[in-house]
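Everything on this sheet refers to the single structure shown next.
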Amino acid sequence: PLGTYGNRIRAAYCFGLIGKTIRDDLRLVGKIRNAFAHDLYASFEDEKIRAWSSALSWHQVAYMQPPPGAPARDLFNVGVNTLASYLSGVVSIARRGKLLIQRED
């Protein structure tokens, strides 16, 4: 109902469901996805895609720094997996909060 991927990210950020780091990483994931969707020859070896993958930062903030020389594909996979885990937790917390509010009424 919110339209595009970018609009959903913007709404989640404006509602305070996600912070700036998560918002920025989700935007980077969108750029990487679009690069692969619109270029048959896109690769994690492409400089632009490698730079976007390296710029993903939530896993660095929340967990650890990647090892030096980590491949762009691994950085992307770890970044997306930590984002998915975080977002899954946000949804669970929001649902639980909604249930608690309904029970209080």
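We label chains A, B, ... in the order they appear in the structure tokens, count residues from 1 in each chain, and number ligands from 1 in the order shown.
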
Within 12 Å of range 62-64 of chain A, counting only C-alpha atoms, which residues qualify if same-chain residues fewer than 2 places away don't, as an MDAnalysis selection string? chainID A and resid 21:22 56:60 66:67 75 78:79 81:83 85:86

As a ChimeraX atom specification, please: every residue in chain A that DSSP puts in alpha helix (DSSP H). /A:5-14,20-38,47-55,58-62,72-104

Give me the residues near Lys20 in chain A as a list of chain:residue names, where near means some atom within 12 Å (using only C-alpha atoms) and where sequence neighbours in that chain fewer than 3 positions away do not count.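 Here the qualifying residues turn out to be A:Ile9, A:Arg10, A:Ala12, A:Tyr13, A:Cys14, A:Gly16, A:Leu17, A:Arg23, A:Asp24, A:Asp25, A:Leu26, A:Arg27, A:Ser57, A:Trp58, A:Val61.
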